[in-house]
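Visitor: Structure file data_4.cif (mmCIF, C-alpha atoms) is given on the next line.
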```cif
data_protein
#
loop_
_atom_site.label_atom_id
_atom_site.label_comp_id
_atom_site.auth_asym_id
_atom_site.auth_seq_id
_atom_site.Cartn_x
_atom_site.Cartn_y
_atom_site.Cartn_z
CA MET A 17 137.66 107.10 114.79
CA VAL A 18 136.94 105.28 118.05
CA ILE A 19 134.61 102.66 116.56
CA ARG A 20 137.14 101.76 113.85
CA SER A 21 139.87 101.24 116.46
CA TYR A 22 137.50 99.16 118.59
CA PHE A 23 136.70 96.72 115.80
CA ASN A 24 140.28 96.55 114.56
CA GLU A 25 141.31 95.48 118.06
CA LYS A 26 138.59 92.80 118.09
CA ALA A 27 139.32 91.39 114.61
CA GLU A 28 141.58 88.51 115.65
CA THR A 29 139.21 87.09 118.27
CA TRP A 30 135.83 88.11 116.83
CA ASP A 31 134.88 84.78 115.25
CA VAL A 32 135.72 82.86 118.44
CA MET A 33 134.39 85.26 121.08
CA VAL A 34 131.51 87.19 119.51
CA ALA A 35 130.27 85.99 116.11
CA GLU A 36 127.10 83.95 115.66
CA LYS A 37 128.14 80.30 115.29
CA ASP A 38 124.76 78.75 114.55
CA SER A 39 124.78 78.41 110.78
CA SER A 40 121.11 77.39 110.73
CA LYS A 41 120.18 80.77 112.25
CA LEU A 42 122.31 82.61 109.71
CA ARG A 43 120.91 80.65 106.78
CA GLY A 44 117.39 81.08 108.09
CA MET A 45 117.87 84.84 108.30
CA VAL A 46 119.14 85.06 104.72
CA GLU A 47 116.11 83.07 103.55
CA ARG A 48 113.84 85.65 105.20
CA LEU A 49 115.47 88.41 103.11
CA HIS A 50 114.25 86.86 99.82
CA ILE A 51 117.29 88.03 97.88
CA ALA A 52 116.95 86.96 94.26
CA PRO A 53 119.63 84.97 92.41
CA GLY A 54 121.65 87.37 90.28
CA ALA A 55 121.09 90.33 92.62
CA LYS A 56 123.73 92.95 93.30
CA VAL A 57 123.96 93.29 97.08
CA LEU A 58 125.78 95.75 99.33
CA ASP A 59 126.80 94.17 102.64
CA VAL A 60 127.38 97.05 105.08
CA GLY A 61 129.57 96.27 108.07
CA THR A 62 130.80 92.95 106.73
CA GLY A 63 133.15 92.49 109.67
CA THR A 64 134.92 89.13 109.47
CA GLY A 65 132.49 87.91 106.83
CA VAL A 66 130.27 85.77 109.07
CA PHE A 67 127.17 86.44 106.93
CA LEU A 68 128.90 86.42 103.53
CA PRO A 69 128.74 82.68 102.73
CA PHE A 70 124.97 82.73 103.13
CA LEU A 71 124.57 85.89 101.05
CA LEU A 72 126.73 84.31 98.35
CA GLU A 73 124.43 81.28 98.30
CA ALA A 74 121.46 83.60 97.84
CA VAL A 75 122.84 85.66 94.94
CA ALA A 76 124.26 82.52 93.26
CA GLN A 77 126.77 82.56 90.42
CA ASN A 78 125.33 85.51 88.53
CA GLY A 79 125.10 87.83 91.54
CA GLN A 80 127.59 90.18 93.11
CA ILE A 81 128.31 91.25 96.67
CA VAL A 82 130.10 94.46 97.55
CA ALA A 83 131.31 94.10 101.14
CA ILE A 84 132.25 97.23 103.05
CA ASP A 85 133.57 97.80 106.55
CA VAL A 86 135.17 100.74 108.32
CA ALA A 87 137.68 98.49 110.13
CA GLU A 88 140.36 97.28 107.74
CA LYS A 89 141.49 94.41 109.99
CA MET A 90 137.97 92.98 110.15
CA LEU A 91 137.74 93.19 106.36
CA CYS A 92 141.12 91.47 105.97
CA LYS A 93 139.80 88.61 108.08
CA ALA A 94 136.80 88.30 105.77
CA GLN A 95 139.01 88.33 102.66
CA SER A 96 141.37 85.72 104.13
CA LYS A 97 138.52 83.20 104.24
CA ASN A 98 138.57 83.01 100.42
CA LEU A 99 134.82 82.56 100.22
CA GLY A 100 134.78 82.81 96.44
CA GLY A 101 131.92 84.18 94.43
CA ASN A 102 131.80 87.60 92.84
CA THR A 103 132.74 89.62 95.90
CA VAL A 104 134.38 93.05 96.09
CA TYR A 105 135.82 94.26 99.41
CA ILE A 106 135.99 97.98 100.21
CA CYS A 107 137.22 99.63 103.39
CA ALA A 108 134.84 102.57 103.84
CA ASP A 109 132.52 104.33 106.25
CA VAL A 110 128.79 103.87 105.65
CA ILE A 111 128.30 107.65 105.58
CA ASP A 112 130.60 107.90 102.54
CA ILE A 113 130.24 104.84 100.32
CA PRO A 114 132.66 105.20 97.37
CA VAL A 115 130.35 103.95 94.61
CA GLU A 116 127.98 105.59 92.16
CA GLY A 117 124.32 105.90 93.08
CA GLY A 118 121.47 103.60 92.07
CA GLN A 119 123.46 100.38 91.89
CA PHE A 120 122.14 97.85 94.40
CA ASP A 121 119.09 95.63 94.37
CA ALA A 122 119.47 95.07 98.09
CA VAL A 123 121.47 96.42 101.03
CA VAL A 124 122.09 94.21 104.05
CA CYS A 125 123.17 95.48 107.47
CA TYR A 126 123.77 92.31 109.49
CA SER A 127 124.82 93.02 113.09
CA SER A 128 126.17 96.42 112.05
CA PHE A 129 123.38 99.02 112.20
CA PRO A 130 123.77 99.92 115.92
CA HIS A 131 127.36 100.96 115.25
CA PHE A 132 126.50 103.55 112.60
CA GLN A 133 127.59 106.70 114.39
CA ASP A 134 125.29 109.01 112.38
CA LYS A 135 122.32 106.82 111.56
CA LEU A 136 120.39 109.40 109.53
CA LYS A 137 123.38 110.21 107.35
CA ALA A 138 124.13 106.48 107.00
CA MET A 139 120.59 105.63 105.91
CA ARG A 140 120.50 108.47 103.38
CA GLU A 141 123.80 107.32 101.93
CA ILE A 142 122.54 103.74 101.72
CA ASN A 143 119.40 105.02 100.00
CA ARG A 144 121.56 106.89 97.47
CA VAL A 145 123.40 103.77 96.30
CA MET A 146 120.24 101.64 95.95
CA LYS A 147 118.12 101.15 92.86
CA ASN A 148 114.58 102.51 92.96
CA GLY A 149 112.48 99.81 94.56
CA GLY A 150 115.55 98.19 96.12
CA ARG A 151 115.21 96.52 99.49
CA LEU A 152 116.95 97.38 102.74
CA HIS A 153 117.47 94.65 105.36
CA ILE A 154 118.66 95.44 108.89
CA CYS A 155 119.04 92.16 110.74
CA HIS A 156 120.37 90.45 113.84
CA THR A 157 120.20 86.89 115.12
CA SER A 158 119.20 88.24 118.54
CA SER A 159 116.37 90.49 119.70
CA ARG A 160 116.59 94.27 119.92
CA SER A 161 116.57 94.16 123.72
CA THR A 162 119.38 91.59 123.81
CA ILE A 163 121.56 93.59 121.42
CA ASN A 164 120.95 96.83 123.30
CA GLU A 165 121.67 95.25 126.67
CA ILE A 166 124.98 93.83 125.46
CA HIS A 167 126.08 97.17 124.01
CA GLU A 168 124.94 99.23 126.98
CA ASN A 169 127.32 97.23 129.18
CA LEU A 170 130.36 97.85 126.97
CA PRO A 171 131.87 101.34 127.41
CA VAL A 172 133.00 101.96 123.82
CA VAL A 173 129.67 100.96 122.25
CA THR A 174 127.32 101.90 125.09
CA ASN A 175 125.35 104.27 122.84
CA ASP A 176 125.30 101.90 119.84
CA THR A 177 121.73 100.71 120.12
CA ILE A 178 118.76 99.84 117.91
CA PRO A 179 116.03 102.51 118.20
CA GLY A 180 112.48 101.63 119.19
CA GLU A 181 109.95 100.89 116.48
CA ASN A 182 108.53 104.42 116.20
CA ASP A 183 111.97 106.03 116.03
CA MET A 184 113.12 103.49 113.45
CA GLN A 185 110.05 104.18 111.30
CA LYS A 186 110.76 107.93 111.45
CA LEU A 187 114.45 107.46 110.68
CA LEU A 188 113.83 105.33 107.61
CA SER A 189 110.99 107.52 106.35
CA ALA A 190 113.23 110.58 106.64
CA SER A 191 115.86 108.69 104.63
CA GLY A 192 113.58 107.99 101.65
CA PHE A 193 112.28 104.53 102.53
CA THR A 194 108.73 103.20 102.44
CA ASP A 195 107.00 99.85 103.16
CA ILE A 196 108.82 99.65 106.48
CA SER A 197 108.28 96.48 108.50
CA ILE A 198 109.87 95.49 111.80
CA ASP A 199 109.85 91.97 113.23
CA ASP A 200 111.43 91.88 116.68
CA ASN A 201 111.17 88.56 118.50
CA PRO A 202 113.21 86.72 121.17
CA ASP A 203 115.47 85.08 118.56
CA SER A 204 115.99 87.76 115.96
CA TYR A 205 115.47 91.31 114.74
CA LEU A 206 114.57 92.12 111.14
CA CYS A 207 113.71 95.56 109.81
CA GLN A 208 112.98 95.82 106.07
CA ALA A 209 112.12 98.75 103.84
CA THR A 210 111.94 99.75 100.18
CA LYS A 211 113.66 102.66 98.47
CA HIS A 212 110.89 105.05 97.48
CA ILE A 213 110.17 105.09 93.75
CA ASN A 214 109.86 108.64 92.51
CA LEU A 215 107.41 108.57 89.57
CA ILE A 216 107.93 112.23 88.65
#
```
Translate the structure described by the file into structure tokens.
Guide:
Amino acid sequence: MVIRSYFNEKAETWDVMVAEKDSSKLRGMVERLHIAPGAKVLDVGTGTGVFLPFLLEAVAQNGQIVAIDVAEKMLCKAQSKNLGGNTVYICADVIDIPVEGGQFDAVVCYSSFPHFQDKLKAMREINRVMKNGGRLHICHTSSRSTINEIHENLPVVTNDTIPGENDMQKLLSASGFTDISIDDNPDSYLCQATKHINLI
């Protein structure tokens, strides 16, 4: 898989060259997610674990984070930071998450969504592992246009972009999500949605 090789190659230098270093922006983004203490959270595309300390603060001692990434070297970097908390690390592709369905109160895709190679399949798989009424959070500490421009100028990830608002609404609706909101501003991108509750 090309994208897996790409991120494995970047693992050693990611935190220095690419990762968001402004902790106030990262903490501020987590606060906007309103993740409850004690929640069970799936962190998709954990990478080197840049967002994990802030997620761990949010879920507190009684919560759990399951961190997945397709690139094993990125995940090893995250594990080597010994962040503590109740965290499980799994090397897996988002289109085939090796857990039972209906488990997570929230799913977070921080700086990872553009790299999902089959976004519809990924979103349906994420929906499968969430509890009814669970919340999905797709977030970046840069705007959609900034993210897309960066990726469009890098050959390996040139097609790894964030869709426009209408296309994102359609994608998430087709994946079983409702209450979709998108906040795209010069400093950040946050798309949130709820797993549809089937009352039948």
Visitor: Could you name the residues that touch range 43-57 of chain A at 9 Å or less, counting only C-alpha atoms, but leaving out those on the same chain fewer than 4 positions away, as an MDAnalysis selection string?
Guide: chainID A and resid 38:39 67 70:71 73:83 119:124 151 153 155:157 204 206 208
Visitor: Which one is closest to Thr177 in chain A: A:Asp134, A:Asp199, A:Glu25, A:Asp109? Count only C-alpha atoms.
Guide: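 Looking at the shortest contact to Thr177 in chain A, the residue is A:Asp134.
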Visitor: Any idea what's packed within 10 Å of Val173 in chain A, counting only C-alpha atoms, ignoring anything in its chain fewer than 6 positions away? Could you give it as a list in words?
Guide: Val18, Ile19, Tyr22, Pro130, His131, Gln133, Asn164, Ile166 and His167 of chain A
Visitor: Please evaluate the PyMOL selection byres ((chain A and resi 27) around 9) against the displayed coordinates and give the resulting residues as a list in words.
Guide: Tyr22, Phe23, Asn24, Glu25, Lys26, Glu28, Thr29, Trp30, Asp31, Gly63, Thr64, Ala87, Lys89, Met90, Leu91, Cys92 and Lys93 of chain A
Visitor: Please return as a VMD selection string every residue within 7 Å of (109.1, 97.2, 117.3), taking into account all atoms listed in the file and the file's own coordinates.
Guide: chain A and resid 180 to 181 198 to 200
Visitor: If we count all atoms listed in the file and set the cut-off at 12 Å, which residues sit around range 183-186 of chain A, ignoring sequence neighbours fewer than 2 positions away in its own chain? Please answer as a PDB file with C-alpha atoms, in the coordinates of the input.
Guide:
```pdb
ATOM      1  CA  PHE A 129     123.380  99.020 112.200  1.00  0.00           C
ATOM      2  CA  PRO A 130     123.770  99.920 115.920  1.00  0.00           C
ATOM      3  CA  LYS A 135     122.320 106.820 111.560  1.00  0.00           C
ATOM      4  CA  LEU A 136     120.390 109.400 109.530  1.00  0.00           C
ATOM      5  CA  MET A 139     120.590 105.630 105.910  1.00  0.00           C
ATOM      6  CA  ILE A 154     118.660  95.440 108.890  1.00  0.00           C
ATOM      7  CA  ARG A 160     116.590  94.270 119.920  1.00  0.00           C
ATOM      8  CA  THR A 177     121.730 100.710 120.120  1.00  0.00           C
ATOM      9  CA  ILE A 178     118.760  99.840 117.910  1.00  0.00           C
ATOM     10  CA  PRO A 179     116.030 102.510 118.200  1.00  0.00           C
ATOM     11  CA  GLY A 180     112.480 101.630 119.190  1.00  0.00           C
ATOM     12  CA  GLU A 181     109.950 100.890 116.480  1.00  0.00           C
ATOM     13  CA  LEU A 188     113.830 105.330 107.610  1.00  0.00           C
ATOM     14  CA  SER A 189     110.990 107.520 106.350  1.00  0.00           C
ATOM     15  CA  ALA A 190     113.230 110.580 106.640  1.00  0.00           C
ATOM     16  CA  SER A 191     115.860 108.690 104.630  1.00  0.00           C
ATOM     17  CA  GLY A 192     113.580 107.990 101.650  1.00  0.00           C
ATOM     18  CA  PHE A 193     112.280 104.530 102.530  1.00  0.00           C
ATOM     19  CA  THR A 194     108.730 103.200 102.440  1.00  0.00           C
ATOM     20  CA  ASP A 195     107.000  99.850 103.160  1.00  0.00           C
ATOM     21  CA  ILE A 196     108.820  99.650 106.480  1.00  0.00           C
ATOM     22  CA  SER A 197     108.280  96.480 108.500  1.00  0.00           C
ATOM     23  CA  ILE A 198     109.870  95.490 111.800  1.00  0.00           C
ATOM     24  CA  ASP A 199     109.850  91.970 113.230  1.00  0.00           C
ATOM     25  CA  LEU A 206     114.570  92.120 111.140  1.00  0.00           C
ATOM     26  CA  CYS A 207     113.710  95.560 109.810  1.00  0.00           C
ATOM     27  CA  GLN A 208     112.980  95.820 106.070  1.00  0.00           C
ATOM     28  CA  ALA A 209     112.120  98.750 103.840  1.00  0.00           C
TER      29      ALA A 209
END
```
Visitor: Please, what distance in Å, to one decimal, runs between CA of Phe132 in chain A and CA of Ala94 in chain A?
Guide: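 Computing the Euclidean distance for CA of Phe132 in chain A and CA of Ala94 in chain A yields 19.6 Å.
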Visitor: Just how far from CA of Asn102 in chain A is CA of Gly65 in chain A, in Å to one decimal?
Guide: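 Between these atoms lies a distance of 14.0 Å.
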Visitor: Between CA of Val34 in chain A and CA of Pro114 in chain A, what is the distance in Å, rounded to a tenth?
Guide: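 Between these atoms lies a distance of 28.6 Å.
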